Structure formats: structure tokens, C-alpha cells
Amino acid sequence: MSGKFELNAEMRSAKGTGASRRLRRAGKVPGILYGAGKDPVMLSFEHDPLWHHTRHEAFFTSILSIKVDGKIIDQAVLRDLHMHPYKPRVAHMDLQRVSATERLHLPVPLHFINQESAPGVKLQGGLVAHLVTEVDVSCLPSQLPEFLAVDVGNLHVGESIHLSNLAVPAGVTLTDLAHGNDLAVVTITVVRETVEVEEAAPVVEAAASAPETQAPKAEGK
């Protein structure tokens, strides 16, 4: 089991909001590594290399190698990433250790392919609707996929692809499907034309709109 991404970390002992704030001012990200029956470890990471990793979708569904002093101390998966409220900066990171022999649960993104060539789009003018964009999977760390491909190439208008239709690698279980929830993940819908109808201006009869006039009374003789 090897990690596609390597994170260089430093051990840290100081805890609390003040200590974390000082780390961030120094360009570092506080984090915690826990799980696998071991004590939690407080770590810090250089912000910029970590930020570069987060630009890759695969970072969130990969086994990460945690290195301290140039040596790998553990393998982990990302469990939570706290971002700054309005700046493009990572504020904190939670990592969970993984064991080669223990199954883990992790959300995996769906990649939809052959959408433009689907008969429902190319021939029938429909629109592809993504009903689910990621699915929770259960598997051993070595079996963890970066994503699952959903081939829309044969769909017609009104047809859908469900979890049970997805091709998953050996050893990977879709959690919802295992619980009896065969969710639809994508469908092709009909494009409804919007016809604008101009409202006719109200016709007002001239007699109704003109002020009433009374005939002059005849003068007496």
C-alpha cells in the first residue's frame, strides 16, 4: 500500500487556538493524525505544498503518505479540511490512519463520460441531469478508486443509470447499494420549450372611456 501523495510534516506539542494562529502566521497548517488504535499525533504542514495538493481531485480519495524527518510514519486518508472563511487558505486538516487489512469508508467522485454522444442528447435534444456526483464506498485501502466512471453513451430521454449499473473495481462495495438503496445517479430529461405569449392589451370601448355628457334640457316657453 503506497500513497500517491506525500505530506511532509513536523511534530508539534503546542495546542489551542493561540498556538494554531501562530502556526498559520508562519505559513503552516495545523493538523491531527488519529485512528488505527494509536494515540493521536499533532502535526503541522507547510501551507503552499499542501494547497497545491488540494487542487487535485485525487488528493481527497488517495492514500496519503505522512513523512516526518524524511521518513514515512503512517499512511492516512483525508477526513476533514477546514478552509479560511474567505481567503484561499487551508486552516486545519484531519487525517485518519489506515490499515492494509481494515476496510475504510470514503466518498468517491463520479466522472460522467460520453454525454454528448448519448442518443438522448445527440438525437433527441435532451439534457443530462447529474442526480448524484459522489458515492460512499467501502473497501481496503489498496482497492480505493480515485473515481468511478459513469458511461452515459447509451442513454435515451427518460432513461437513468442507477448504482446497480455502475462498474466498480473488485473488492469495492457501494454503501447505499449494500443498504438496499439503488439510487439513480444520472438521467436524460426532456428540454421543455418555453413559449412566450404576449398579453393582449385590454380593449376599452370608447364609449366606456369617454366622459359622460348630458343632453341639455329644453328651456321652457
# chains A, B, ... in the order shown; residues from 1 in each chain; ligands from 1
>>> residues_around(residues="A:Leu106", least_positions_apart="2", cutoff="10 Å", atoms="only C-alpha atoms", output="number ranges by chain")
A: 60-62, 77-79, 103-104, 108-109, 134-139, 144-145, 175
>>> write_last_selection(atoms="N, CA, C and O atoms", output="PDB file, in the first residue's frame")
ATOM      1  N   PHE A  60      -8.205  13.895  -2.472  1.00  0.00           N
ATOM      2  CA  PHE A  60      -9.253  13.634  -1.491  1.00  0.00           C
ATOM      3  C   PHE A  60      -9.665  12.162  -1.452  1.00  0.00           C
ATOM      4  O   PHE A  60     -10.393  11.752  -0.554  1.00  0.00           O
ATOM      5  N   THR A  61      -9.209  11.375  -2.416  1.00  0.00           N
ATOM      6  CA  THR A  61      -9.566   9.951  -2.449  1.00  0.00           C
ATOM      7  C   THR A  61      -8.331   9.078  -2.622  1.00  0.00           C
ATOM      8  O   THR A  61      -8.393   8.009  -3.233  1.00  0.00           O
ATOM      9  N   SER A  62      -7.217   9.535  -2.085  1.00  0.00           N
ATOM     10  CA  SER A  62      -5.975   8.782  -2.201  1.00  0.00           C
ATOM     11  C   SER A  62      -5.428   8.436  -0.820  1.00  0.00           C
ATOM     12  O   SER A  62      -5.754   9.094   0.171  1.00  0.00           O
ATOM     13  N   VAL A  77      -5.823   8.762   5.216  1.00  0.00           N
ATOM     14  CA  VAL A  77      -6.745   9.394   4.267  1.00  0.00           C
ATOM     15  C   VAL A  77      -7.209  10.704   4.882  1.00  0.00           C
ATOM     16  O   VAL A  77      -7.233  10.858   6.110  1.00  0.00           O
ATOM     17  N   LEU A  78      -7.548  11.633   4.028  1.00  0.00           N
ATOM     18  CA  LEU A  78      -8.048  12.928   4.485  1.00  0.00           C
ATOM     19  C   LEU A  78      -9.479  12.772   4.972  1.00  0.00           C
ATOM     20  O   LEU A  78     -10.340  12.283   4.244  1.00  0.00           O
ATOM     21  N   ARG A  79      -9.737  13.200   6.198  1.00  0.00           N
ATOM     22  CA  ARG A  79     -11.082  13.117   6.755  1.00  0.00           C
ATOM     23  C   ARG A  79     -11.775  14.467   6.796  1.00  0.00           C
ATOM     24  O   ARG A  79     -12.982  14.553   6.636  1.00  0.00           O
ATOM     25  N   ARG A 103     -11.101  -2.401   6.230  1.00  0.00           N
ATOM     26  CA  ARG A 103     -11.865  -1.666   5.227  1.00  0.00           C
ATOM     27  C   ARG A 103     -12.119  -0.249   5.715  1.00  0.00           C
ATOM     28  O   ARG A 103     -12.256   0.014   6.918  1.00  0.00           O
ATOM     29  N   LEU A 104     -12.193   0.659   4.782  1.00  0.00           N
ATOM     30  CA  LEU A 104     -12.499   2.052   5.124  1.00  0.00           C
ATOM     31  C   LEU A 104     -13.672   2.538   4.299  1.00  0.00           C
ATOM     32  O   LEU A 104     -14.013   1.960   3.270  1.00  0.00           O
ATOM     33  N   VAL A 108     -16.350   8.902  -2.993  1.00  0.00           N
ATOM     34  CA  VAL A 108     -15.575   8.883  -4.239  1.00  0.00           C
ATOM     35  C   VAL A 108     -16.371   9.618  -5.313  1.00  0.00           C
ATOM     36  O   VAL A 108     -17.574   9.383  -5.469  1.00  0.00           O
ATOM     37  N   PRO A 109     -15.740  10.517  -6.071  1.00  0.00           N
ATOM     38  CA  PRO A 109     -16.476  11.265  -7.100  1.00  0.00           C
ATOM     39  C   PRO A 109     -16.850  10.403  -8.294  1.00  0.00           C
ATOM     40  O   PRO A 109     -16.188   9.406  -8.594  1.00  0.00           O
ATOM     41  N   GLU A 134     -21.163  12.048  -6.147  1.00  0.00           N
ATOM     42  CA  GLU A 134     -20.200  11.215  -5.450  1.00  0.00           C
ATOM     43  C   GLU A 134     -20.929  10.121  -4.687  1.00  0.00           C
ATOM     44  O   GLU A 134     -22.102  10.282  -4.342  1.00  0.00           O
ATOM     45  N   VAL A 135     -20.248   9.012  -4.461  1.00  0.00           N
ATOM     46  CA  VAL A 135     -20.848   7.885  -3.755  1.00  0.00           C
ATOM     47  C   VAL A 135     -19.903   7.410  -2.664  1.00  0.00           C
ATOM     48  O   VAL A 135     -18.678   7.484  -2.801  1.00  0.00           O
ATOM     49  N   ASP A 136     -20.462   6.926  -1.574  1.00  0.00           N
ATOM     50  CA  ASP A 136     -19.660   6.390  -0.484  1.00  0.00           C
ATOM     51  C   ASP A 136     -19.314   4.939  -0.795  1.00  0.00           C
ATOM     52  O   ASP A 136     -20.197   4.146  -1.146  1.00  0.00           O
ATOM     53  N   VAL A 137     -18.035   4.604  -0.658  1.00  0.00           N
ATOM     54  CA  VAL A 137     -17.596   3.242  -0.931  1.00  0.00           C
ATOM     55  C   VAL A 137     -16.951   2.640   0.307  1.00  0.00           C
ATOM     56  O   VAL A 137     -16.478   3.354   1.195  1.00  0.00           O
ATOM     57  N   SER A 138     -16.941   1.318   0.344  1.00  0.00           N
ATOM     58  CA  SER A 138     -16.256   0.570   1.390  1.00  0.00           C
ATOM     59  C   SER A 138     -15.278  -0.379   0.712  1.00  0.00           C
ATOM     60  O   SER A 138     -15.668  -1.122  -0.203  1.00  0.00           O
ATOM     61  N   CYS A 139     -14.019  -0.339   1.148  1.00  0.00           N
ATOM     62  CA  CYS A 139     -13.014  -1.197   0.536  1.00  0.00           C
ATOM     63  C   CYS A 139     -11.732  -1.169   1.360  1.00  0.00           C
ATOM     64  O   CYS A 139     -11.588  -0.354   2.289  1.00  0.00           O
ATOM     65  N   LEU A 144      -8.921   1.290  -3.080  1.00  0.00           N
ATOM     66  CA  LEU A 144      -9.629   2.571  -3.143  1.00  0.00           C
ATOM     67  C   LEU A 144      -9.490   3.221  -4.519  1.00  0.00           C
ATOM     68  O   LEU A 144      -8.384   3.543  -4.954  1.00  0.00           O
ATOM     69  N   PRO A 145     -10.612   3.430  -5.241  1.00  0.00           N
ATOM     70  CA  PRO A 145     -10.531   4.086  -6.551  1.00  0.00           C
ATOM     71  C   PRO A 145     -10.506   5.608  -6.400  1.00  0.00           C
ATOM     72  O   PRO A 145     -11.075   6.154  -5.453  1.00  0.00           O
ATOM     73  N   THR A 175     -21.887   1.701  -0.580  1.00  0.00           N
ATOM     74  CA  THR A 175     -22.552   1.638   0.715  1.00  0.00           C
ATOM     75  C   THR A 175     -24.072   1.716   0.588  1.00  0.00           C
ATOM     76  O   THR A 175     -24.792   0.919   1.198  1.00  0.00           O
TER      77      THR A 175
END
>>> select_by_dssp(residues="chain A", states="strand (DSSP E or B)", output="mmCIF file with C-alpha atoms, in the first residue's frame")
data_model
loop_
_atom_site.group_PDB
_atom_site.id
_atom_site.type_symbol
_atom_site.label_atom_id
_atom_site.label_comp_id
_atom_site.auth_asym_id
_atom_site.auth_seq_id
_atom_site.Cartn_x
_atom_site.Cartn_y
_atom_site.Cartn_z
ATOM 1 C CA PHE A 5 0.711 11.939 -2.349
ATOM 2 C CA GLU A 6 3.405 12.564 0.240
ATOM 3 C CA LEU A 7 2.927 15.133 3.003
ATOM 4 C CA ASN A 8 5.981 16.395 4.832
ATOM 5 C CA ALA A 9 5.073 17.161 8.425
ATOM 6 C CA GLU A 10 6.593 18.338 11.681
ATOM 7 C CA MET A 11 5.614 17.201 15.134
ATOM 8 C CA LYS A 28 1.964 26.456 8.285
ATOM 9 C CA VAL A 29 -1.194 24.400 8.719
ATOM 10 C CA PRO A 30 -2.003 22.630 12.000
ATOM 11 C CA GLY A 31 -3.301 19.094 11.684
ATOM 12 C CA ILE A 32 -4.041 15.925 13.605
ATOM 13 C CA LEU A 33 -3.397 12.285 12.743
ATOM 14 C CA TYR A 34 -5.528 9.684 14.518
ATOM 15 C CA GLY A 35 -7.019 6.187 14.259
ATOM 16 C CA LYS A 38 -2.859 4.542 18.085
ATOM 17 C CA ASP A 39 -2.685 7.794 20.028
ATOM 18 C CA PRO A 40 -3.465 10.978 18.107
ATOM 19 C CA VAL A 41 -0.431 12.912 16.871
ATOM 20 C CA MET A 42 -0.343 16.693 16.480
ATOM 21 C CA LEU A 43 1.348 17.769 13.247
ATOM 22 C CA SER A 44 1.980 20.861 11.166
ATOM 23 C CA PHE A 45 2.418 21.155 7.401
ATOM 24 C CA GLU A 46 3.837 23.795 5.079
ATOM 25 C CA LEU A 64 -1.523 9.789 1.755
ATOM 26 C CA SER A 65 1.992 9.065 2.979
ATOM 27 C CA ILE A 66 2.817 11.124 6.087
ATOM 28 C CA LYS A 67 6.539 11.842 6.404
ATOM 29 C CA VAL A 68 8.405 13.277 9.395
ATOM 30 C CA LYS A 71 10.662 9.034 6.887
ATOM 31 C CA ILE A 72 7.137 7.732 6.336
ATOM 32 C CA ILE A 73 5.489 7.333 9.753
ATOM 33 C CA ASP A 74 1.981 6.402 8.606
ATOM 34 C CA GLN A 75 -0.490 6.021 5.740
ATOM 35 C CA ALA A 76 -3.695 8.024 6.038
ATOM 36 C CA VAL A 77 -6.745 9.394 4.267
ATOM 37 C CA LEU A 78 -8.048 12.928 4.485
ATOM 38 C CA ARG A 79 -11.082 13.117 6.755
ATOM 39 C CA ASP A 80 -11.654 16.851 7.027
ATOM 40 C CA LEU A 81 -10.195 20.012 5.584
ATOM 41 C CA HIS A 82 -11.025 23.330 7.235
ATOM 42 C CA MET A 83 -10.709 26.329 4.950
ATOM 43 C CA VAL A 90 -6.174 25.829 4.456
ATOM 44 C CA ALA A 91 -6.811 26.397 8.160
ATOM 45 C CA HIS A 92 -6.678 22.850 9.600
ATOM 46 C CA MET A 93 -6.515 19.249 8.438
ATOM 47 C CA ASP A 94 -7.742 15.981 9.975
ATOM 48 C CA LEU A 95 -6.108 12.724 8.848
ATOM 49 C CA GLN A 96 -7.149 9.169 9.679
ATOM 50 C CA ARG A 97 -4.616 6.351 9.701
ATOM 51 C CA LEU A 104 -12.499 2.052 5.124
ATOM 52 C CA HIS A 105 -15.428 4.227 4.067
ATOM 53 C CA LEU A 106 -14.799 7.220 1.857
ATOM 54 C CA PRO A 107 -16.775 9.317 -0.656
ATOM 55 C CA VAL A 108 -15.575 8.883 -4.239
ATOM 56 C CA PRO A 109 -16.476 11.265 -7.100
ATOM 57 C CA LEU A 110 -18.343 10.164 -10.218
ATOM 58 C CA HIS A 111 -16.977 11.043 -13.657
ATOM 59 C CA PHE A 112 -19.655 11.143 -16.368
ATOM 60 C CA ILE A 113 -18.375 10.188 -19.831
ATOM 61 C CA LEU A 127 -30.269 17.326 -21.256
ATOM 62 C CA VAL A 128 -28.070 15.228 -18.955
ATOM 63 C CA ALA A 129 -29.019 15.659 -15.284
ATOM 64 C CA HIS A 130 -26.484 14.578 -12.645
ATOM 65 C CA GLU A 134 -20.200 11.215 -5.450
ATOM 66 C CA VAL A 135 -20.848 7.885 -3.755
ATOM 67 C CA ASP A 136 -19.660 6.390 -0.484
ATOM 68 C CA VAL A 137 -17.596 3.242 -0.931
ATOM 69 C CA SER A 138 -16.256 0.570 1.390
ATOM 70 C CA CYS A 139 -13.014 -1.197 0.536
ATOM 71 C CA LEU A 148 -15.914 5.846 -10.671
ATOM 72 C CA ALA A 149 -16.748 6.300 -14.352
ATOM 73 C CA VAL A 150 -20.394 6.535 -15.404
ATOM 74 C CA ASP A 151 -20.877 5.870 -19.128
ATOM 75 C CA SER A 160 -31.469 6.610 -15.974
ATOM 76 C CA ILE A 161 -28.378 4.897 -14.639
ATOM 77 C CA HIS A 162 -28.589 3.541 -11.095
ATOM 78 C CA THR A 173 -18.784 -2.006 -2.222
ATOM 79 C CA LEU A 174 -21.215 0.867 -2.754
ATOM 80 C CA ALA A 184 -30.374 6.899 -9.714
ATOM 81 C CA VAL A 185 -27.177 8.826 -10.412
ATOM 82 C CA VAL A 186 -27.871 10.322 -13.844
ATOM 83 C CA THR A 187 -30.779 10.701 -16.251
ATOM 84 C CA ILE A 188 -31.617 12.454 -19.523
ATOM 85 C CA THR A 189 -34.539 14.812 -19.351
#
>>> closest_residue(among="A:Leu140, A:Ala167, A:Val157, A:Leu23", to="A:Gln124", atoms="only C-alpha atoms")
A:Val157
>>> select_by_dssp(residues="stretch 81-198 of chain A", states="alpha helix (DSSP H)", output="list of chain:residue names")
A:Pro119, A:Gly120, A:Val121, A:Lys122, A:Thr175, A:Asp176, A:Leu177, A:Ala178
>>> residues_around(residues="A:Asn154", least_positions_apart="6", cutoff="10 Å", atoms="only C-alpha atoms", output="mmCIF file with N, CA and C atoms, in the first residue's frame")
data_model
loop_
_atom_site.group_PDB
_atom_site.id
_atom_site.type_symbol
_atom_site.label_atom_id
_atom_site.label_comp_id
_atom_site.auth_asym_id
_atom_site.auth_seq_id
_atom_site.Cartn_x
_atom_site.Cartn_y
_atom_site.Cartn_z
ATOM 1 N N ASN A 114 -18.995 10.315 -22.166
ATOM 2 C CA ASN A 114 -19.795 10.118 -23.391
ATOM 3 C C ASN A 114 -21.168 10.776 -23.297
ATOM 4 N N GLN A 115 -21.216 11.918 -22.665
ATOM 5 C CA GLN A 115 -22.504 12.591 -22.511
ATOM 6 C C GLN A 115 -23.015 13.183 -23.834
ATOM 7 N N SER A 117 -22.452 12.218 -26.827
ATOM 8 C CA SER A 117 -22.788 11.225 -27.851
ATOM 9 C C SER A 117 -23.997 10.371 -27.483
ATOM 10 N N ALA A 118 -24.572 10.573 -26.315
ATOM 11 C CA ALA A 118 -25.750 9.796 -25.911
ATOM 12 C C ALA A 118 -26.913 10.078 -26.863
ATOM 13 N N PRO A 119 -27.654 9.046 -27.298
ATOM 14 C CA PRO A 119 -28.795 9.268 -28.203
ATOM 15 C C PRO A 119 -29.798 10.282 -27.654
ATOM 16 N N GLY A 120 -29.994 10.262 -26.341
ATOM 17 C CA GLY A 120 -30.945 11.196 -25.746
ATOM 18 C C GLY A 120 -30.529 12.640 -25.880
#
